[in-house]
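**Student:** Quick one: the structure is below, and I'll ask about it shortly.
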Amino acid sequence: MSKRPVSPEDLASITFVGEPRFDPAGEHILFGKKVIDAKNRYVTQLATVDADGNVKILTSGENGASHGRWSPDGRQIAFLAKRGETAQIHLLPTDGGEAHPLTTFEEGSIGGFQWSPDGKYIALTFRATLPERTEAAKKAREEKGLSQPPIEIDDIWYRLDGDGYFGAARYRLMVIPTEGDDAGVPILIYDADSRGMYSYGWFPDSQWLVVVCSAAENPWRDKPDEQLYLVSLDGKANMIAGLPKGEKSDPKVSPDGQWIVYAGDVSEDDPWGVRNTKLYAVRPDGTDLRDLTGHLDYDLAVTTLSDTGEAAFGAVFTWSADSQGLFAQLGHHGETQIAWVPLTGGVDLLTSGHHTIALGNVTADGRIAATVANPTQPAEVASVEREIGTGQYVPRLRTGFNLPFTDELQIRVPQEVWVESTDGVKVHTWFLLPEGDGPHPVALCVHGGPHAQYGWAFFHEFQVLASAGYAVVYSNPRGSKGYGEDFCAAIRGDWGNKDWDDVQAVTDWIRAQPWANPDRIGIMGGSYGGYMTNWAIGHRHDYACAITDRCVSNMVSMSLNSDFPFNKDGYFKGEPWGDLEAIRELWRQSPIASFGQVSTPTLVIHSEGDLRCNVEQGEQVFAALQARGIPTRFVRYPATTSHGLSRSGPPDLRYHRQREYLAWLEKYLKA
């Protein structure tokens, strides 16, 4: 049977899996399963799979379930499920009983939770909705004919893309007993961070937590000064003395209680994470601080981008049962592997191959719960195990949800090349070729971030473009992660320079390929990729068309209307207020400064609810090109969507967006 081309709507045929966790006995892997149903909804469930591939669905219902975590004794599973206006923690007995809610929070948001090692408590962060913005308050106003109230703001931290406007509400750290008369009653233990940003981990005695909190007087203006605090169940907090300033996150206490390991850096001058994220170990009393990975040019917080998974920025690691080291997720050269980091320091890659592995947890005998994907296979649940004889760690798939998808559709296999650029740099590049001998029209894709990487992940949109007859080219220009700190830092505060050299080098390489039509190259990208698309059409005239998606066009206005506004002389030099000299660097790096030279037909895609790159960035592109008579189309998605529309937006709007891409390319690359 011949296979058919991949369409935008085939996204609904993919089963998405994530958050794999072995049970304490090491027999079953708990995971989250998400599908798109016939009513245009994401339906999430919890499921388990055993070594023979037998899948058991644990939850049901329209509101779904997520963030499943085994209790330490394996007798219960805690998970989040929305009942009413707020997601609550529920407990599901593993012996066959019904799930029941543990928490009864009023309207708000749970930021995450962790079981205590003895299973008697769950630590969590919770942010209550401002009273005037609850659904009950809204209903009361509507009954009285009153207007929606304003948000009263006294702090720069009042909104977040994908989270919305929360005003003065903040997350607070709490513990909740899981048994006894006080079960489900929250106990506030810590709320010292003015931003409400916490990461935390339990000590083995279940009486203390280590908590990361900013010690800066004003975390948004001051240099980063994250510190570790020891916090008891009754709310006593003591800072671990002697640790350097800088970024810190995700502290984890060793099973023997002798060490705390956290991710971060000692630099106080690294906004946007240009430097490598490292792992540090320290005794609970603050002695014997060790940099475990800093002597190697590896970054523990590399995100490999895909449209079939969320872009999760941050380090992922977990202790071994014997407290001798950590298993960590490591992005490198477009791959994501599992590495071993011993307490003595160093990085030993355990896995290899052209794939992306997402780390879950690890059993006492060293088997790793994970999800595994590659460019021709969406993620599946796997156990990563050490082979007898070779000693190599190999993923063994336990699920095959997406086999019907890959069996039915024309999935293209990417080819890899390193393209020479300036300064002796070689740019890691991939290309997918459609059916036929060509020459083909080409879709050149630039990733967002910019400090992330394309790579060996499944990208539905790339397959759609290849099925529609386009050669798809994507690469990791300077500024990308996964190629060393210097490579990433090459564009700090200097966009449109070395990164543009690399994009041009890839463009020129495309033009020289026998399979490419040099007169039919379209450039496109989202977020920073939208920035580079805007930059490209203002500095080069051989692109037949462009698609700028959730873009950056004007650094001066962007610097103050993003949910993460720029600090003066931070990542970018200068400031967006004052005279022309003050804004010179921001304006120099603004693509719209060169829009007098644009002649490329351009499709503008943006979401009104985008709080990362405000919709006015796309509006400026559209207005400027319309004023100059350049063929331009503007597709605005509603305020209910965010910067992450292409990865997690409503399914029908994701299909619509891809159809807009195809129509624009059809008009200008195939005409």
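Ordering of the structure tokens sets the chain letters (A, B, ...); residue numbers start at 1 within each chain; ligands are numbered from 1 in the order shown.
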Skipping near chain neighbours, those fewer than 6 positions away, what residues fall within 8 Å of Val212 in chain A using only C-alpha atoms, listed as a list in words?
**Tutor:** Tyr198, Ser199, Tyr200, Glu226, Gln227, Leu228, Tyr229, Lys248, Ser249, Asp250 and Pro251 of chain A
**Student:** Residues as selected, N, CA and C atoms, written as a PDB file, in the first residue's frame, can you do that?
**Tutor:**
```pdb
ATOM      1  N   TYR A 198      10.300  29.452  43.053  1.00  0.00           N
ATOM      2  CA  TYR A 198      10.997  28.510  43.926  1.00  0.00           C
ATOM      3  C   TYR A 198      11.272  27.210  43.178  1.00  0.00           C
ATOM      4  N   SER A 199      12.422  26.638  43.456  1.00  0.00           N
ATOM      5  CA  SER A 199      12.654  25.228  43.154  1.00  0.00           C
ATOM      6  C   SER A 199      13.150  24.612  44.450  1.00  0.00           C
ATOM      7  N   TYR A 200      12.905  23.331  44.631  1.00  0.00           N
ATOM      8  CA  TYR A 200      13.108  22.756  45.959  1.00  0.00           C
ATOM      9  C   TYR A 200      13.302  21.250  45.860  1.00  0.00           C
ATOM     10  N   GLU A 226      20.884  33.954  43.401  1.00  0.00           N
ATOM     11  CA  GLU A 226      20.097  32.846  43.924  1.00  0.00           C
ATOM     12  C   GLU A 226      20.906  32.155  45.016  1.00  0.00           C
ATOM     13  N   GLN A 227      20.240  31.794  46.099  1.00  0.00           N
ATOM     14  CA  GLN A 227      20.901  31.110  47.206  1.00  0.00           C
ATOM     15  C   GLN A 227      20.080  29.902  47.634  1.00  0.00           C
ATOM     16  N   LEU A 228      20.720  29.008  48.382  1.00  0.00           N
ATOM     17  CA  LEU A 228      20.058  27.817  48.905  1.00  0.00           C
ATOM     18  C   LEU A 228      19.672  28.045  50.359  1.00  0.00           C
ATOM     19  N   TYR A 229      18.452  27.663  50.689  1.00  0.00           N
ATOM     20  CA  TYR A 229      17.951  27.792  52.056  1.00  0.00           C
ATOM     21  C   TYR A 229      17.487  26.427  52.548  1.00  0.00           C
ATOM     22  N   LYS A 248      20.941  29.667  40.239  1.00  0.00           N
ATOM     23  CA  LYS A 248      20.839  28.332  40.841  1.00  0.00           C
ATOM     24  C   LYS A 248      19.416  27.834  40.645  1.00  0.00           C
ATOM     25  N   SER A 249      19.266  26.535  40.449  1.00  0.00           N
ATOM     26  CA  SER A 249      17.927  25.977  40.290  1.00  0.00           C
ATOM     27  C   SER A 249      17.937  24.486  40.553  1.00  0.00           C
ATOM     28  N   ASP A 250      16.748  23.957  40.813  1.00  0.00           N
ATOM     29  CA  ASP A 250      16.480  22.517  40.894  1.00  0.00           C
ATOM     30  C   ASP A 250      17.416  21.780  41.855  1.00  0.00           C
ATOM     31  N   PRO A 251      17.459  22.167  43.121  1.00  0.00           N
ATOM     32  CA  PRO A 251      18.343  21.466  44.066  1.00  0.00           C
ATOM     33  C   PRO A 251      17.830  20.060  44.364  1.00  0.00           C
TER      34      PRO A 251
END
```
**Student:** Env of Gly609 in chain A: 6 Å cut, atoms = only C-alpha atoms, seq-sep filter 4 positions within chain, self excluded. Answer as a list in words.
**Tutor:** Ala639, Thr640, Thr641 and Ser642 of chain A
**Student:** Would you list the contacts of Tyr483 in chain A as a VMD selection string, taking every protein, DNA or RNA residue within 9 Å and counting only C-alpha atoms, but skipping same-chain residues closer than 5 positions in sequence?
**Tutor:** chain A and resid 297 to 299 332 to 334 478 488
**Student:** In Å, how far is it from CA of Gly578 in chain A to CA of His539 in chain A?
**Tutor:** 27.8 Å
**Student:** Set the distance at 10 Å and use only C-alpha atoms: which residues neighbour Ala315 in chain A once local chain neighbours fewer than 4 positions away are removed? I'd like the list as a PyMOL selection string.
**Tutor:** chain A and resi 249-250+262-264+277-279+299-303+328-331
**Student:** So how many Å separate CA of Ile630 in chain A and CA of Gly596 in chain A, to one decimal?
**Tutor:**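 Between these atoms lies a distance of 10.6 Å.
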**Student:** Which residue, A:Arg412, A:Lys120, A:Arg636, A:Arg584, has the smallest gap to Pro177 in chain A when you use only C-alpha atoms?
**Tutor:**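 Using only C-alpha atoms, the shortest distance to Pro177 in chain A belongs to A:Lys120.
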**Student:** Could you work out how far CA of Ile122 in chain A lies from CA of Gly164 in chain A, giving the answer in Å with one decimal?
**Tutor:**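 If I compute the distance from CA of Gly164 in chain A to CA of Ile122 in chain A, I get 26.5 Å.
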**Student:** Skip range 146-154 of chain A itself and residues of its chain fewer than 2 positions away, then list as a PyMOL selection string all residues within 9 Å of it, counting only C-alpha atoms.
**Tutor:** chain A and resi 132-133+138+140-144+156-158+165-168
**Student:** Those residues with C-alpha atoms, as a short mmCIF file (atom, residue, chain, number, x, y, z; two decimals), in the first residue's frame please?
**Tutor:**
```cif
data_model
loop_
_atom_site.label_atom_id
_atom_site.label_comp_id
_atom_site.auth_asym_id
_atom_site.auth_seq_id
_atom_site.Cartn_x
_atom_site.Cartn_y
_atom_site.Cartn_z
CA GLU A 132 -11.33 40.34 42.15
CA ARG A 133 -10.35 38.11 39.21
CA LYS A 138 -16.73 37.77 37.55
CA ALA A 140 -21.13 38.64 40.65
CA ARG A 141 -20.08 41.63 38.55
CA GLU A 142 -22.04 40.40 35.56
CA GLU A 143 -25.16 40.07 37.69
CA LYS A 144 -24.75 43.70 38.80
CA ILE A 156 7.36 44.45 36.90
CA TRP A 157 6.50 40.78 37.47
CA TYR A 158 2.78 40.69 36.71
CA TYR A 165 -1.84 38.25 33.77
CA PHE A 166 -1.64 37.38 37.46
CA GLY A 167 -0.92 40.85 38.86
CA ALA A 168 0.37 40.81 42.44
#
```
**Student:** From the DSSP assignment of the backbone, select every residue of range 66-298 of chain A that is strand (DSSP E or B), and format the answer as a ChimeraX atom specification.
**Tutor:** /A:66-70,76-83,86-93,100-101,108-115,121-128,159-160,164-165,172-177,187-190,199-202,208-214,225-232,237-239,246,248-253,260-264,278-282,290-291
**Student:** Those residues you just picked out, can you put them in a file as a JSON list (two decimals), in the first residue's frame with C-alpha atoms?
**Tutor:**
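For reference, again_20.json as written:
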```
[["chain", "number", "residue", "atom", "x", "y", "z"],
["A", 66, "SER", "CA", -1.16, 15.20, 34.34],
["A", 67, "HIS", "CA", 2.03, 15.32, 36.40],
["A", 68, "GLY", "CA", 1.68, 11.74, 37.66],
["A", 69, "ARG", "CA", 4.06, 10.76, 40.48],
["A", 70, "TRP", "CA", 4.37, 7.45, 42.35],
["A", 76, "GLN", "CA", -0.53, 5.57, 45.38],
["A", 77, "ILE", "CA", -0.13, 7.90, 42.43],
["A", 78, "ALA", "CA", -0.52, 11.62, 42.92],
["A", 79, "PHE", "CA", -1.59, 13.64, 39.91],
["A", 80, "LEU", "CA", -3.12, 16.95, 38.87],
["A", 81, "ALA", "CA", -6.65, 17.04, 37.49],
["A", 82, "LYS", "CA", -8.99, 19.96, 37.05],
["A", 83, "ARG", "CA", -12.31, 19.71, 38.81],
["A", 86, "THR", "CA", -8.68, 24.84, 39.75],
["A", 87, "ALA", "CA", -6.54, 21.79, 39.19],
["A", 88, "GLN", "CA", -6.24, 19.82, 42.42],
["A", 89, "ILE", "CA", -3.88, 17.07, 43.54],
["A", 90, "HIS", "CA", -5.62, 13.72, 43.45],
["A", 91, "LEU", "CA", -4.49, 10.39, 44.88],
["A", 92, "LEU", "CA", -5.07, 7.15, 43.00],
["A", 93, "PRO", "CA", -4.57, 3.85, 44.89],
["A", 100, "HIS", "CA", -9.96, 11.09, 45.20],
["A", 101, "PRO", "CA", -8.92, 14.73, 45.63],
["A", 108, "GLY", "CA", -5.58, 29.40, 41.66],
["A", 109, "SER", "CA", -2.70, 27.44, 40.19],
["A", 110, "ILE", "CA", -0.49, 24.62, 41.47],
["A", 111, "GLY", "CA", 3.02, 25.10, 40.12],
["A", 112, "GLY", "CA", 4.23, 21.53, 40.73],
["A", 113, "PHE", "CA", 4.66, 19.11, 43.62],
["A", 114, "GLN", "CA", 6.98, 16.49, 45.15],
["A", 115, "TRP", "CA", 6.33, 13.58, 47.52],
["A", 121, "TYR", "CA", 3.72, 14.91, 52.88],
["A", 122, "ILE", "CA", 3.61, 16.51, 49.48],
["A", 123, "ALA", "CA", 5.47, 19.79, 48.93],
["A", 124, "LEU", "CA", 3.98, 22.13, 46.35],
["A", 125, "THR", "CA", 3.78, 25.69, 45.18],
["A", 126, "PHE", "CA", 0.39, 27.36, 44.91],
["A", 127, "ARG", "CA", -0.67, 30.77, 43.65],
["A", 128, "ALA", "CA", -4.14, 31.99, 44.59],
["A", 159, "ARG", "CA", 2.43, 38.50, 33.59],
["A", 160, "LEU", "CA", 4.01, 35.55, 31.84],
["A", 164, "GLY", "CA", -1.40, 35.29, 31.45],
["A", 165, "TYR", "CA", -1.84, 38.25, 33.77],
["A", 172, "ARG", "CA", 4.09, 30.24, 47.84],
["A", 173, "LEU", "CA", 5.78, 27.07, 49.05],
["A", 174, "MET", "CA", 3.56, 24.74, 51.08],
["A", 175, "VAL", "CA", 3.46, 21.20, 52.41],
["A", 176, "ILE", "CA", 0.32, 19.08, 52.64],
["A", 177, "PRO", "CA", -0.10, 16.01, 54.86],
["A", 187, "ILE", "CA", 0.80, 24.46, 55.60],
["A", 188, "LEU", "CA", 2.66, 27.54, 54.38],
["A", 189, "ILE", "CA", 6.39, 27.11, 55.00],
["A", 190, "TYR", "CA", 8.11, 29.69, 52.78],
["A", 199, "SER", "CA", 12.65, 25.23, 43.15],
["A", 200, "TYR", "CA", 13.11, 22.76, 45.96],
["A", 201, "GLY", "CA", 13.99, 19.22, 47.01],
["A", 202, "TRP", "CA", 13.38, 17.03, 50.07],
["A", 208, "TRP", "CA", 13.59, 19.55, 55.76],
["A", 209, "LEU", "CA", 13.68, 20.89, 52.23],
["A", 210, "VAL", "CA", 16.39, 22.72, 50.36],
["A", 211, "VAL", "CA", 14.89, 25.71, 48.56],
["A", 212, "VAL", "CA", 16.31, 28.05, 45.93],
["A", 213, "CYS", "CA", 15.29, 31.66, 46.47],
["A", 214, "SER", "CA", 16.71, 34.98, 45.33],
["A", 225, "ASP", "CA", 21.94, 36.11, 43.50],
["A", 226, "GLU", "CA", 20.10, 32.85, 43.92],
["A", 227, "GLN", "CA", 20.90, 31.11, 47.21],
["A", 228, "LEU", "CA", 20.06, 27.82, 48.90],
["A", 229, "TYR", "CA", 17.95, 27.79, 52.06],
["A", 230, "LEU", "CA", 17.27, 24.94, 54.44],
["A", 231, "VAL", "CA", 13.58, 25.10, 55.32],
["A", 232, "SER", "CA", 11.91, 22.95, 57.98],
["A", 237, "ALA", "CA", 14.69, 28.91, 57.13],
["A", 238, "ASN", "CA", 18.48, 29.21, 57.16],
["A", 239, "MET", "CA", 20.60, 30.23, 54.19],
["A", 246, "GLY", "CA", 24.72, 33.65, 40.29],
["A", 248, "LYS", "CA", 20.84, 28.33, 40.84],
["A", 249, "SER", "CA", 17.93, 25.98, 40.29],
["A", 250, "ASP", "CA", 16.48, 22.52, 40.89],
["A", 251, "PRO", "CA", 18.34, 21.47, 44.07],
["A", 252, "LYS", "CA", 18.37, 17.74, 44.73],
["A", 253, "VAL", "CA", 19.56, 16.07, 47.94],
["A", 260, "ILE", "CA", 23.04, 18.84, 47.54],
["A", 261, "VAL", "CA", 23.45, 19.15, 43.78],
["A", 262, "TYR", "CA", 21.99, 22.09, 41.86],
["A", 263, "ALA", "CA", 22.16, 23.51, 38.34],
["A", 264, "GLY", "CA", 23.46, 26.98, 37.62],
["A", 278, "LYS", "CA", 26.70, 23.46, 35.12],
["A", 279, "LEU", "CA", 26.08, 21.05, 37.98],
["A", 280, "TYR", "CA", 27.45, 21.95, 41.42],
["A", 281, "ALA", "CA", 27.64, 19.80, 44.54],
["A", 282, "VAL", "CA", 27.87, 21.11, 48.11],
["A", 290, "ARG", "CA", 32.37, 21.34, 43.76],
["A", 291, "ASP", "CA", 31.87, 22.33, 40.15]]
```
**Student:** When you count only C-alpha atoms, which of these residues is closest to Pro439 in chain A: A:Asp519, A:Glu608, A:Glu380, A:Asp288?
**Tutor:** A:Asp519
**Student:** Go through range 373-613 of chain A and collect every residue that DSSP, computed from the backbone, puts in alpha helix (DSSP H); the answer should be as a short mmCIF file (atom, residue, chain, number, x, y, z; two decimals) with N, CA and C atoms, in the first residue's frame.
**Tutor:**
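Saved to states_1.cif:
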```
data_model
loop_
_atom_site.label_atom_id
_atom_site.label_comp_id
_atom_site.auth_asym_id
_atom_site.auth_seq_id
_atom_site.Cartn_x
_atom_site.Cartn_y
_atom_site.Cartn_z
N LEU A 403 3.21 4.02 15.67
CA LEU A 403 3.54 3.17 14.53
C LEU A 403 2.52 3.29 13.40
N PRO A 404 1.21 3.35 13.68
CA PRO A 404 0.26 3.54 12.57
C PRO A 404 0.49 4.86 11.83
N PHE A 405 0.86 5.89 12.55
CA PHE A 405 1.14 7.19 11.94
C PHE A 405 2.31 7.09 10.97
N THR A 406 3.41 6.52 11.42
CA THR A 406 4.59 6.43 10.56
C THR A 406 4.43 5.40 9.46
N ASP A 407 3.61 4.38 9.69
CA ASP A 407 3.39 3.36 8.66
C ASP A 407 2.53 3.89 7.52
N GLU A 408 1.63 4.81 7.83
CA GLU A 408 0.67 5.28 6.83
C GLU A 408 1.20 6.45 6.01
N HIS A 460 6.76 17.77 13.01
CA HIS A 460 5.60 17.55 12.14
C HIS A 460 5.56 18.57 11.00
N GLU A 461 5.81 19.84 11.32
CA GLU A 461 5.72 20.89 10.31
C GLU A 461 6.71 20.68 9.17
N PHE A 462 7.91 20.21 9.48
CA PHE A 462 8.90 19.94 8.44
C PHE A 462 8.39 18.85 7.50
N GLN A 463 7.76 17.83 8.08
CA GLN A 463 7.24 16.74 7.25
C GLN A 463 6.10 17.23 6.37
N VAL A 464 5.27 18.13 6.89
CA VAL A 464 4.18 18.71 6.09
C VAL A 464 4.76 19.47 4.90
N LEU A 465 5.78 20.27 5.14
CA LEU A 465 6.38 21.06 4.06
C LEU A 465 7.02 20.15 3.01
N ALA A 466 7.72 19.10 3.46
CA ALA A 466 8.35 18.19 2.51
C ALA A 466 7.29 17.45 1.69
N SER A 467 6.19 17.05 2.35
CA SER A 467 5.12 16.37 1.63
C SER A 467 4.47 17.28 0.59
N GLU A 485 30.30 26.90 24.63
CA GLU A 485 29.94 28.21 25.16
C GLU A 485 30.31 29.35 24.23
N ASP A 486 31.46 29.28 23.60
CA ASP A 486 31.88 30.36 22.70
C ASP A 486 30.95 30.48 21.50
N PHE A 487 30.52 29.35 20.97
CA PHE A 487 29.61 29.34 19.82
C PHE A 487 28.29 30.02 20.19
N CYS A 488 27.80 29.73 21.39
CA CYS A 488 26.55 30.31 21.84
C CYS A 488 26.70 31.81 22.13
N ALA A 489 27.81 32.17 22.77
CA ALA A 489 28.02 33.56 23.19
C ALA A 489 28.42 34.48 22.04
N LYS A 498 27.23 37.64 13.40
CA LYS A 498 27.77 36.30 13.13
C LYS A 498 26.66 35.29 12.82
N ASP A 499 25.51 35.48 13.46
CA ASP A 499 24.38 34.59 13.15
C ASP A 499 23.92 34.79 11.70
N TRP A 500 23.93 36.05 11.24
CA TRP A 500 23.55 36.35 9.87
C TRP A 500 24.58 35.81 8.90
N ASP A 501 25.85 35.85 9.28
CA ASP A 501 26.88 35.21 8.44
C ASP A 501 26.53 33.76 8.19
N ASP A 502 26.11 33.08 9.26
CA ASP A 502 25.84 31.64 9.15
C ASP A 502 24.58 31.36 8.34
N VAL A 503 23.55 32.17 8.52
CA VAL A 503 22.33 31.99 7.73
C VAL A 503 22.61 32.26 6.25
N GLN A 504 23.43 33.26 5.98
CA GLN A 504 23.80 33.52 4.58
C GLN A 504 24.61 32.36 4.01
N ALA A 505 25.52 31.80 4.81
CA ALA A 505 26.32 30.68 4.33
C ALA A 505 25.43 29.50 3.97
N VAL A 506 24.42 29.23 4.79
CA VAL A 506 23.50 28.13 4.49
C VAL A 506 22.68 28.47 3.24
N THR A 507 22.26 29.73 3.10
CA THR A 507 21.52 30.14 1.90
C THR A 507 22.36 29.93 0.64
N ASP A 508 23.63 30.35 0.69
CA ASP A 508 24.51 30.18 -0.48
C ASP A 508 24.77 28.71 -0.77
N TRP A 509 24.87 27.92 0.28
CA TRP A 509 25.04 26.47 0.10
C TRP A 509 23.81 25.88 -0.61
N ILE A 510 22.62 26.30 -0.18
CA ILE A 510 21.39 25.82 -0.84
C ILE A 510 21.42 26.15 -2.32
N ARG A 511 21.78 27.37 -2.66
CA ARG A 511 21.76 27.82 -4.06
C ARG A 511 22.69 26.99 -4.94
N TYR A 528 12.85 34.28 17.74
CA TYR A 528 14.12 34.75 17.19
C TYR A 528 14.21 34.38 15.70
N GLY A 529 13.65 33.24 15.31
CA GLY A 529 13.63 32.88 13.89
C GLY A 529 12.86 33.90 13.08
N GLY A 530 11.82 34.51 13.68
CA GLY A 530 11.12 35.61 13.03
C GLY A 530 11.99 36.85 12.94
N TYR A 531 12.77 37.09 14.01
CA TYR A 531 13.74 38.19 13.96
C TYR A 531 14.68 38.01 12.77
N MET A 532 15.26 36.83 12.65
CA MET A 532 16.24 36.60 11.59
C MET A 532 15.59 36.66 10.21
N THR A 533 14.34 36.22 10.11
CA THR A 533 13.62 36.37 8.84
C THR A 533 13.47 37.84 8.49
N ASN A 534 13.08 38.65 9.46
CA ASN A 534 12.96 40.10 9.22
C ASN A 534 14.31 40.70 8.84
N TRP A 535 15.36 40.27 9.52
CA TRP A 535 16.70 40.78 9.22
C TRP A 535 17.11 40.40 7.79
N ALA A 536 16.82 39.16 7.43
CA ALA A 536 17.25 38.65 6.12
C ALA A 536 16.62 39.43 4.98
N ILE A 537 15.33 39.72 5.08
CA ILE A 537 14.68 40.40 3.95
C ILE A 537 15.08 41.87 3.87
N GLY A 538 15.62 42.41 4.95
CA GLY A 538 16.11 43.78 4.91
C GLY A 538 17.55 43.89 4.45
N HIS A 539 18.24 42.74 4.29
CA HIS A 539 19.66 42.76 3.93
C HIS A 539 19.99 41.91 2.72
N MET A 555 13.84 46.28 18.42
CA MET A 555 14.42 46.03 19.73
C MET A 555 14.09 47.12 20.74
N VAL A 556 13.90 48.33 20.27
CA VAL A 556 13.62 49.44 21.19
C VAL A 556 12.29 49.22 21.88
N SER A 557 11.24 48.93 21.11
CA SER A 557 9.93 48.70 21.74
C SER A 557 9.86 47.33 22.39
N MET A 558 10.48 46.31 21.78
CA MET A 558 10.48 44.96 22.34
C MET A 558 11.07 44.94 23.75
N SER A 559 12.07 45.78 23.99
CA SER A 559 12.81 45.71 25.24
C SER A 559 11.95 46.03 26.46
N LEU A 560 10.84 46.74 26.27
CA LEU A 560 10.00 47.12 27.40
C LEU A 560 8.60 46.51 27.36
N ASN A 561 8.23 45.81 26.27
CA ASN A 561 6.87 45.26 26.25
C ASN A 561 6.84 43.74 26.30
N LEU A 580 19.21 59.47 21.22
CA LEU A 580 19.53 58.50 20.18
C LEU A 580 20.78 57.70 20.51
N GLU A 581 21.72 58.29 21.21
CA GLU A 581 22.94 57.57 21.58
C GLU A 581 22.61 56.41 22.51
N ALA A 582 21.66 56.62 23.41
CA ALA A 582 21.30 55.58 24.38
C ALA A 582 20.68 54.36 23.69
N ILE A 583 19.89 54.63 22.64
CA ILE A 583 19.20 53.51 21.99
C ILE A 583 19.95 53.00 20.76
N ARG A 584 21.15 53.53 20.51
CA ARG A 584 21.85 53.22 19.27
C ARG A 584 22.02 51.72 19.05
N GLU A 585 22.49 50.99 20.07
CA GLU A 585 22.75 49.56 19.89
C GLU A 585 21.46 48.78 19.66
N LEU A 586 20.41 49.15 20.38
CA LEU A 586 19.14 48.46 20.18
C LEU A 586 18.58 48.72 18.78
N TRP A 587 18.69 49.95 18.32
CA TRP A 587 18.18 50.28 16.99
C TRP A 587 19.05 49.65 15.90
N ARG A 588 20.36 49.60 16.13
CA ARG A 588 21.25 48.99 15.14
C ARG A 588 20.86 47.53 14.89
#
```
**Student:** Using only C-alpha atoms, tabulate the residues of range 420-471 of chain A lying at most 6 Å from any atom of range 357-378 of chain A, each with its closest atom pair and that distance in Å to one decimal, by chain and increasing residue number, as a tab-separated table.
**Tutor:**
```
residue	atom	partner	partner_atom	distance
A:Trp456	CA	A:Asn374	CA	5.3
A:Ala457	CA	A:Asn374	CA	4.6
A:Phe458	CA	A:Pro375	CA	4.1
```
**Student:** May I have the selected residues written with C-alpha atoms, as a compact mmCIF listing (two decimals), in the first residue's frame?
**Tutor:**
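Below you can see again10.txt, which holds the result:
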```txt
# COMPACT_ATOMS: atom_id res chain seq x y z
CA TRP A 456 17.29 14.92 15.71
CA ALA A 457 13.71 15.42 16.91
CA PHE A 458 10.43 14.75 15.16
```
**Student:** Skipping near chain neighbours, those fewer than 2 positions away, what residues fall within 6 Å of Leu409 in chain A using only C-alpha atoms, listed as a PyMOL selection string?
**Tutor:** chain A and resi 3-6+406-407+411
**Student:** Quick one: write out the picked residues with N, CA and C atoms as a PDB file, in the first residue's frame?
**Tutor:**
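Result saved to part_33.pdb:
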```pdb
ATOM      1  N   LYS A   3       2.066   5.000   0.618  1.00  0.00           N
ATOM      2  CA  LYS A   3       1.873   5.922   1.725  1.00  0.00           C
ATOM      3  C   LYS A   3       1.422   7.272   1.190  1.00  0.00           C
ATOM      4  N   ARG A   4       0.708   8.021   2.007  1.00  0.00           N
ATOM      5  CA  ARG A   4       0.188   9.309   1.579  1.00  0.00           C
ATOM      6  C   ARG A   4       0.991  10.447   2.205  1.00  0.00           C
ATOM      7  N   PRO A   5       0.902  11.647   1.616  1.00  0.00           N
ATOM      8  CA  PRO A   5       1.635  12.791   2.156  1.00  0.00           C
ATOM      9  C   PRO A   5       1.130  13.192   3.540  1.00  0.00           C
ATOM     10  N   VAL A   6       1.982  13.858   4.294  1.00  0.00           N
ATOM     11  CA  VAL A   6       1.626  14.345   5.627  1.00  0.00           C
ATOM     12  C   VAL A   6       0.894  15.677   5.487  1.00  0.00           C
ATOM     13  N   THR A 406       3.407   6.517  11.420  1.00  0.00           N
ATOM     14  CA  THR A 406       4.593   6.435  10.564  1.00  0.00           C
ATOM     15  C   THR A 406       4.430   5.396   9.462  1.00  0.00           C
ATOM     16  N   ASP A 407       3.613   4.382   9.695  1.00  0.00           N
ATOM     17  CA  ASP A 407       3.387   3.364   8.663  1.00  0.00           C
ATOM     18  C   ASP A 407       2.532   3.892   7.521  1.00  0.00           C
ATOM     19  N   ILE A 411       7.059   9.706   5.545  1.00  0.00           N
ATOM     20  CA  ILE A 411       7.959  10.378   6.474  1.00  0.00           C
ATOM     21  C   ILE A 411       9.340  10.485   5.829  1.00  0.00           C
TER      22      ILE A 411
END
```
**Student:** Measuring atom to atom with only C-alpha atoms, identify which of A:Phe622, A:Trp340, A:Phe572, A:Tyr171 is nearest to Arg492 in chain A.
**Tutor:**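 Of A:Phe622, A:Trp340, A:Phe572, A:Tyr171, the one nearest Arg492 in chain A is A:Phe572, counting only C-alpha atoms.
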**Student:** Would you kindly return, as a list in words, each protein, DNA or RNA residue with an atom no farther than 8 Å from any atom of Gly438 in chain A, considering only C-alpha atoms and excluding same-chain residues fewer than 6 positions away?
**Tutor:** Pro514, Trp515, Ala516 and Asn517 of chain A
**Student:** Smallest atom-to-atom distance to Pro224 in chain A: which of A:Arg612, A:Ser607, A:Gly196, A:Glu268, using only C-alpha atoms?
**Tutor:**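 Closest candidate: A:Glu268.
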